[in-house]
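J.: Structure file input07.cif (mmCIF, C-alpha atoms (C1' of nucleotides)) right here:
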data_data
loop_
_atom_site.label_atom_id
_atom_site.label_comp_id
_atom_site.auth_asym_id
_atom_site.auth_seq_id
_atom_site.Cartn_x
_atom_site.Cartn_y
_atom_site.Cartn_z
CA MET A 1289 -44.22 -5.99 -52.82
CA SER A 1290 -40.76 -4.65 -52.34
CA THR A 1291 -38.13 -6.96 -50.90
CA SER A 1292 -36.28 -4.04 -49.32
CA LEU A 1293 -35.91 -4.49 -45.63
CA PRO A 1294 -35.24 -1.45 -43.49
CA LEU A 1295 -31.50 -0.82 -43.44
CA VAL A 1296 -31.32 -1.35 -39.73
CA CYS A 1297 -28.05 -1.39 -37.85
CA GLU A 1298 -26.20 -4.66 -38.56
CA PRO A 1299 -24.34 -5.55 -35.41
CA ARG A 1300 -21.59 -8.12 -35.74
CA LEU A 1301 -23.00 -11.52 -34.91
CA ASP A 1302 -19.75 -13.02 -33.66
CA LEU A 1303 -19.78 -10.84 -30.56
CA GLN A 1304 -20.46 -12.68 -27.33
CA ALA A 1305 -21.60 -11.32 -24.01
CA PRO A 1306 -18.76 -11.91 -21.55
CA ASP A 1307 -19.37 -13.54 -18.18
CA VAL A 1308 -18.57 -10.87 -15.64
CA THR A 1309 -20.50 -12.32 -12.71
CA ASP A 1310 -17.53 -12.84 -10.42
CA ALA A 1311 -15.90 -9.52 -11.24
CA VAL A 1312 -19.13 -7.65 -10.58
CA ALA A 1313 -19.56 -9.38 -7.22
CA VAL A 1314 -16.02 -8.46 -6.20
CA ALA A 1315 -16.43 -4.90 -7.44
CA ALA A 1316 -19.64 -4.51 -5.45
CA LEU A 1317 -17.69 -5.40 -2.32
CA LEU A 1318 -14.89 -2.97 -3.16
CA ALA A 1319 -17.32 -0.20 -4.06
CA ASP A 1320 -17.64 0.90 -0.46
CA ARG A 1321 -15.07 3.04 1.29
CA THR A 1322 -15.23 1.09 4.54
CA ARG A 1323 -14.88 -2.36 2.97
CA ALA A 1324 -12.15 -1.28 0.59
CA SER A 1325 -10.23 0.25 3.50
CA ILE A 1326 -10.64 -2.89 5.57
CA LEU A 1327 -9.27 -5.08 2.80
CA ARG A 1328 -6.37 -2.70 2.29
CA MET A 1329 -5.56 -2.61 6.01
CA LEU A 1330 -5.72 -6.39 6.30
CA ALA A 1331 -3.19 -6.61 3.48
CA ASP A 1332 -0.65 -5.42 6.07
CA GLY A 1333 -1.65 -8.01 8.66
CA PRO A 1334 -4.51 -9.02 10.96
CA CYS A 1335 -6.54 -6.41 12.81
CA CYS A 1336 -9.27 -6.61 15.41
CA VAL A 1337 -12.63 -4.96 14.92
CA CYS A 1338 -11.92 -2.16 17.35
CA GLU A 1339 -8.70 -1.25 15.57
CA LEU A 1340 -10.43 -1.12 12.21
CA ALA A 1341 -13.28 0.94 13.60
CA ALA A 1342 -11.03 3.40 15.42
CA THR A 1343 -8.72 3.88 12.47
CA LEU A 1344 -11.54 4.39 10.00
CA GLY A 1345 -13.64 6.55 12.29
CA GLU A 1346 -16.60 4.21 12.03
CA ARG A 1347 -18.75 2.51 14.65
CA GLU A 1348 -17.73 -1.01 15.50
CA ASN A 1349 -21.30 -1.86 14.76
CA ASN A 1350 -20.98 -0.74 11.20
CA VAL A 1351 -17.54 -2.25 10.70
CA SER A 1352 -18.88 -5.55 11.94
CA ASN A 1353 -21.62 -5.42 9.34
CA HIS A 1354 -19.11 -4.87 6.56
CA LEU A 1355 -16.86 -7.61 7.89
CA ALA A 1356 -19.82 -9.98 7.74
CA LYS A 1357 -20.18 -9.30 4.03
CA LEU A 1358 -16.50 -9.88 3.41
CA ARG A 1359 -16.71 -13.04 5.49
CA ASP A 1360 -19.74 -14.29 3.55
CA ALA A 1361 -17.76 -13.75 0.38
CA GLY A 1362 -14.92 -15.79 1.87
CA LEU A 1363 -12.42 -12.94 1.56
CA VAL A 1364 -11.59 -12.74 5.27
CA ARG A 1365 -11.71 -15.02 8.30
CA ALA A 1366 -11.88 -14.29 12.01
CA SER A 1367 -10.07 -15.92 14.91
CA ARG A 1368 -9.85 -15.08 18.59
CA HIS A 1369 -6.68 -13.58 19.98
CA GLU A 1370 -4.66 -16.33 21.69
CA ALA A 1371 -3.84 -14.26 24.79
CA ASN A 1372 -7.18 -12.47 25.10
CA ALA A 1373 -10.02 -14.28 23.39
CA ARG A 1374 -12.24 -11.28 23.84
CA PHE A 1375 -10.72 -9.80 20.71
CA LEU A 1376 -11.61 -11.11 17.28
CA TYR A 1377 -8.80 -10.73 14.80
CA TYR A 1378 -9.60 -10.65 11.13
CA GLU A 1379 -7.20 -11.62 8.38
CA ARG A 1380 -7.36 -12.11 4.65
CA GLU A 1381 -8.07 -15.45 2.98
CA ASP A 1382 -5.23 -15.30 0.51
CA GLU A 1383 -6.62 -17.83 -1.95
CA ALA A 1384 -9.99 -16.10 -2.20
CA ILE A 1385 -8.26 -12.74 -2.47
CA ALA A 1386 -6.23 -14.06 -5.39
CA ARG A 1387 -9.36 -15.29 -7.11
CA ALA A 1388 -11.09 -11.95 -6.58
CA ARG A 1389 -8.08 -10.12 -7.93
CA ALA A 1390 -8.02 -12.33 -11.00
CA ALA A 1391 -11.73 -11.87 -11.64
CA VAL A 1392 -11.37 -8.09 -11.72
CA GLU A 1393 -8.22 -8.34 -13.78
CA ARG A 1394 -10.14 -10.32 -16.39
CA ILE A 1395 -12.29 -7.26 -17.09
CA PHE A 1396 -9.25 -5.21 -18.01
CA ARG A 1397 -7.50 -8.28 -19.47
CA MET B 519 -8.47 8.09 43.83
CA SER B 520 -7.52 5.07 41.86
CA THR B 521 -5.33 5.56 38.84
CA SER B 522 -6.87 2.54 37.15
CA LEU B 523 -8.44 3.43 33.88
CA PRO B 524 -11.00 1.07 32.41
CA LEU B 525 -9.14 -1.59 30.47
CA VAL B 526 -10.74 -0.54 27.23
CA CYS B 527 -9.57 -1.96 23.94
CA GLU B 528 -6.18 -0.47 23.06
CA PRO B 529 -6.05 -0.23 19.31
CA ARG B 530 -2.61 0.24 17.79
CA LEU B 531 -2.05 3.91 17.20
CA ASP B 532 0.32 3.49 14.29
CA LEU B 533 -2.47 2.29 12.03
CA GLN B 534 -3.48 4.72 9.32
CA ALA B 535 -6.64 4.84 7.28
CA PRO B 536 -5.66 4.13 3.67
CA ASP B 537 -6.80 6.38 0.85
CA VAL B 538 -9.05 4.20 -1.27
CA THR B 539 -10.96 6.96 -3.04
CA ASP B 540 -9.86 6.09 -6.57
CA ALA B 541 -10.27 2.36 -6.10
CA VAL B 542 -13.79 2.80 -4.74
CA ALA B 543 -14.75 5.00 -7.68
CA VAL B 544 -13.47 2.43 -10.15
CA ALA B 545 -15.15 -0.41 -8.29
CA ALA B 546 -18.46 1.44 -8.32
CA LEU B 547 -18.24 1.58 -12.12
CA LEU B 548 -17.37 -2.11 -12.36
CA ALA B 549 -20.09 -3.12 -9.91
CA ASP B 550 -22.72 -3.23 -12.63
CA ARG B 551 -23.13 -6.11 -15.05
CA THR B 552 -23.75 -3.88 -18.06
CA ARG B 553 -20.78 -1.57 -17.47
CA ALA B 554 -18.40 -4.39 -16.63
CA SER B 555 -19.46 -6.22 -19.79
CA ILE B 556 -18.96 -3.11 -21.90
CA LEU B 557 -15.44 -2.61 -20.58
CA ARG B 558 -14.65 -6.26 -21.19
CA MET B 559 -16.00 -6.17 -24.74
CA LEU B 560 -14.11 -2.98 -25.55
CA ALA B 561 -10.92 -4.73 -24.45
CA ASP B 562 -11.22 -6.69 -27.70
CA GLY B 563 -11.69 -3.60 -29.84
CA PRO B 564 -14.14 -0.76 -30.57
CA CYS B 565 -17.89 -1.39 -30.69
CA CYS B 566 -20.84 0.77 -31.58
CA VAL B 567 -23.74 1.26 -29.20
CA CYS B 568 -26.09 -0.98 -31.14
CA GLU B 569 -23.59 -3.84 -31.08
CA LEU B 570 -23.14 -3.54 -27.34
CA ALA B 571 -26.88 -3.32 -26.76
CA ALA B 572 -27.71 -6.28 -29.01
CA THR B 573 -24.98 -8.48 -27.56
CA LEU B 574 -25.89 -7.70 -23.97
CA GLY B 575 -29.64 -7.86 -24.52
CA GLU B 576 -30.12 -4.33 -23.21
CA ARG B 577 -31.88 -1.31 -24.69
CA GLU B 578 -29.63 1.11 -26.51
CA ASN B 579 -31.10 3.69 -24.27
CA ASN B 580 -29.78 2.01 -21.21
CA VAL B 581 -26.42 1.17 -22.73
CA SER B 582 -26.02 4.80 -23.68
CA ASN B 583 -26.62 5.82 -20.09
CA HIS B 584 -23.92 3.47 -18.87
CA LEU B 585 -21.51 4.61 -21.59
CA ALA B 586 -22.03 8.18 -20.39
CA LYS B 587 -20.82 7.19 -16.93
CA LEU B 588 -17.77 5.46 -18.33
CA ARG B 589 -17.14 8.49 -20.54
CA ASP B 590 -17.46 10.89 -17.62
CA ALA B 591 -14.88 8.79 -15.80
CA GLY B 592 -12.59 9.06 -18.81
CA LEU B 593 -12.42 5.30 -19.30
CA VAL B 594 -13.84 5.29 -22.85
CA ARG B 595 -14.13 7.72 -25.74
CA ALA B 596 -16.48 7.85 -28.71
CA SER B 597 -15.81 8.63 -32.36
CA ARG B 598 -17.98 8.43 -35.45
CA HIS B 599 -17.43 5.66 -37.96
CA GLU B 600 -15.36 7.03 -40.87
CA ALA B 601 -17.56 5.44 -43.56
CA ASN B 602 -20.93 5.92 -41.87
CA ALA B 603 -20.94 8.71 -39.31
CA ARG B 604 -24.32 7.62 -38.07
CA PHE B 605 -22.60 5.03 -35.91
CA LEU B 606 -20.73 6.02 -32.80
CA TYR B 607 -17.87 3.70 -32.00
CA TYR B 608 -16.62 3.47 -28.47
CA GLU B 609 -13.12 2.43 -27.49
CA ARG B 610 -11.11 2.27 -24.30
CA GLU B 611 -8.84 5.08 -23.11
CA ASP B 612 -5.85 2.94 -22.38
CA GLU B 613 -4.10 5.35 -20.04
CA ALA B 614 -7.17 5.83 -17.87
CA ILE B 615 -7.80 2.09 -17.91
CA ALA B 616 -4.28 1.52 -16.67
CA ARG B 617 -4.77 4.00 -13.85
CA ALA B 618 -8.08 2.37 -12.88
CA ARG B 619 -6.47 -1.04 -12.89
CA ALA B 620 -3.63 0.18 -10.70
CA ALA B 621 -6.01 1.81 -8.24
CA VAL B 622 -7.89 -1.45 -7.70
CA GLU B 623 -4.65 -3.38 -7.54
CA ARG B 624 -3.48 -1.13 -4.72
CA ILE B 625 -6.29 -2.53 -2.54
CA PHE B 626 -4.98 -6.06 -2.91
CA ARG B 627 -1.36 -4.87 -3.11
"C1'" DT C 280 -21.65 -15.23 39.98
"C1'" DG C 281 -22.02 -10.69 38.16
"C1'" DC C 282 -20.33 -6.89 35.63
"C1'" DA C 283 -17.71 -4.76 31.85
"C1'" DC C 284 -16.34 -5.23 27.39
"C1'" DA C 285 -15.94 -6.76 22.30
"C1'" DT C 286 -18.62 -8.17 18.86
"C1'" DC C 287 -22.81 -9.80 16.33
"C1'" DT C 288 -27.47 -9.72 14.37
"C1'" DC C 289 -31.42 -7.65 12.65
"C1'" DA C 290 -35.17 -4.42 11.51
"C1'" DG C 291 -36.14 0.22 9.93
"C1'" DG C 292 -35.22 4.87 7.61
"C1'" DG C 293 -33.06 7.50 4.13
"C1'" DC C 294 -30.15 7.97 0.18
"C1'" DT C 295 -28.36 6.19 -4.15
"C1'" DT C 296 -28.81 3.98 -8.44
"C1'" DG C 297 -30.48 1.23 -12.52
"C1'" DG C 298 -34.21 0.71 -15.95
"C1'" DT C 299 -37.79 2.97 -18.55
"C1'" DG C 300 -40.28 6.32 -21.44
"C1'" DA C 301 -40.44 10.45 -23.91
"C1'" DG C 302 -38.44 13.83 -26.40
"C1'" DA C 303 -34.15 16.06 -28.60
"C1'" DT C 304 -29.93 15.94 -31.61
"C1'" DG C 305 -27.20 14.54 -35.44
"C1'" DT C 306 -26.53 11.67 -39.78
"C1'" DT C 307 -27.87 9.35 -44.10
"C1'" DC C 308 -30.38 8.94 -48.14
"C1'" DA C 309 -34.23 9.26 -51.39
"C1'" DT D 941 -36.20 18.77 -47.72
"C1'" DG D 942 -38.19 15.06 -45.21
"C1'" DA D 943 -38.19 10.46 -43.40
"C1'" DA D 944 -35.65 6.78 -41.10
"C1'" DC D 945 -32.21 5.72 -38.04
"C1'" DA D 946 -28.53 5.86 -34.14
"C1'" DT D 947 -27.76 7.95 -30.15
"C1'" DC D 948 -28.32 11.18 -26.22
"C1'" DT D 949 -30.48 13.47 -22.27
"C1'" DC D 950 -33.51 13.83 -18.54
"C1'" DA D 951 -37.15 12.94 -15.16
"C1'" DC D 952 -39.49 9.34 -12.73
"C1'" DC D 953 -40.10 5.06 -10.06
"C1'" DA D 954 -38.74 0.92 -7.80
"C1'" DA D 955 -35.13 -1.75 -5.74
"C1'" DG D 956 -31.04 -2.10 -3.20
"C1'" DC D 957 -27.72 -0.59 0.18
"C1'" DC D 958 -25.52 1.92 4.09
"C1'" DC D 959 -26.03 3.67 8.72
"C1'" DT D 960 -28.17 3.49 13.05
"C1'" DG D 961 -30.25 1.77 17.29
"C1'" DA D 962 -31.50 -1.91 20.18
"C1'" DG D 963 -30.86 -6.13 21.93
"C1'" DA D 964 -28.24 -10.74 22.04
"C1'" DT D 965 -23.94 -13.57 22.51
"C1'" DG D 966 -19.45 -14.65 24.15
"C1'" DT D 967 -15.21 -13.63 26.99
"C1'" DG D 968 -12.43 -12.00 31.05
"C1'" DC D 969 -12.03 -10.62 35.65
"C1'" DA D 970 -13.21 -9.32 40.44
#
Would you write out, as structure tokens, the structure that this file holds?
T.:
Amino acid sequence: MSTSLPLVCEPRLDLQAPDVTDAVAVAALLADRTRASILRMLADGPCCVCELAATLGERENNVSNHLAKLRDAGLVRASRHEANARFLYYEREDEAIARARAAVERIFR
Amino acid sequence: MSTSLPLVCEPRLDLQAPDVTDAVAVAALLADRTRASILRMLADGPCCVCELAATLGERENNVSNHLAKLRDAGLVRASRHEANARFLYYEREDEAIARARAAVERIFR
DNA sequence: TGCACATCTCAGGGCTTGGTGAGATGTTCA
DNA sequence: TGAACATCTCACCAAGCCCTGAGATGTGCA
């Protein structure tokens, strides 16, 4: 019998699959116009839900849903307004934001 | 008649909706494990489709689909191997990568 | 206490998207 | 030229996600 093996593609064996888990999770959050806008707006200071909703032309309902995702990811936190506790003000969690930023940056190096 | 208007939430009027179009488009590309891994691997140098597929444990079929999206976005380009034109080598388009990076960075500031 | 308001939660419908299979294109080599 | 190989394209299906509507929670004020 012939010893010739099919000359199949010989991919380099030293290549390793990178771990992109964190970057993908962050990107999934940014990959929505409403959430990306919220994060960008909060970079300039805290906002309440109604401000975000009015500025973005979205229902407070919907904005609240997106804020919940950002909150679950630890990227933002909410606190009641000191003078009028009816309003919930959201602000960025700077440490988590820095980690998210770094994770994405690692994709591009 | 009373001049009292309902004390509805008074959002700041100086707030503007940011333009996050580019950042969202980039994030949508990064928000997939296969595409993010491809971009990360190409940061270390060109790879052919079969190398990417083997390393990531995906079908070449599927990898090719994802490469098409990255190509359509201008983030990577393909060229045939000089010695064996059967292999298509993909590499990053550094200028487009820089623009993508900057767009995402603008979200975080 | 009762009403108005700001916000939250959750289930359901519709759209988008990733993986797959099948077939087409282009390259190498016998 | 024909066979093997690397890659591409496209249609299909299933899974996931966004928006919406309805109802619940918490706060301020009369």
J.: Taking only C-alpha atoms (C1' of nucleotides) into account, name the residue in C:DG297, C:DG292, C:DT304, C:DT286 that is nearest to chain A.
T.: C:DT286
J.: Any idea which chain D residues end up within 9 Å of chain B if we count all atoms listed in the file, as a PyMOL selection string please?
T.: chain D and resi 945-949
J.: Can you check which residues of chain B have any atom within 8 Å of chain A? Use all atoms listed in the file and format it as a ChimeraX atom specification.
T.: /B:527-530,533-539,541-546,548-551,554-555,557-559,561,568-569,572-574,615,619,623-627
J.: Residue by residue, what does the PyMOL selection byres ((chain C) within 10 of (chain B)) grab here? Present the result as a list in words.
T.: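 Selection result, ordered by chain and number: DA283, DC284, DA285, DG297, DG298, DT299, DG300, DG305, DT306 and DT307 of chain C.
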J.: Which distance in Å separates C1' of DC950 (chain D) and CA of Val581 (chain B), to one decimal?
T.: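 Between these atoms lies a distance of 15.1 Å.
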J.: Can you translate the PyMOL selection byres ((chain C and resi 291) around 10) into the concrete residues it hits in this file, as a count of residues only?
T.: 6
J.: Provide the CA of Tyr608 (chain B) to CA of Val594 (chain B) distance in Å, to one decimal place.
T.: 6.5 Å
J.: Show me, as lines of an AutoDock Vina configuration file, the centre and edge lengths in Å to one decimal of the axis-aligned box that covers every listed atom of region 619-622 of chain B with 3 Å on each side.
T.:
center_x = -5.8
center_y = 0.2
center_z = -10.3
size_x = 10.3
size_y = 9.3
size_z = 11.2
J.: One number please: C1' of DA944 (chain D) to CA of Ser597 (chain B), in Å, one decimal.
T.: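 Taking C1' of DA944 (chain D) and CA of Ser597 (chain B), their separation equals 21.8 Å.
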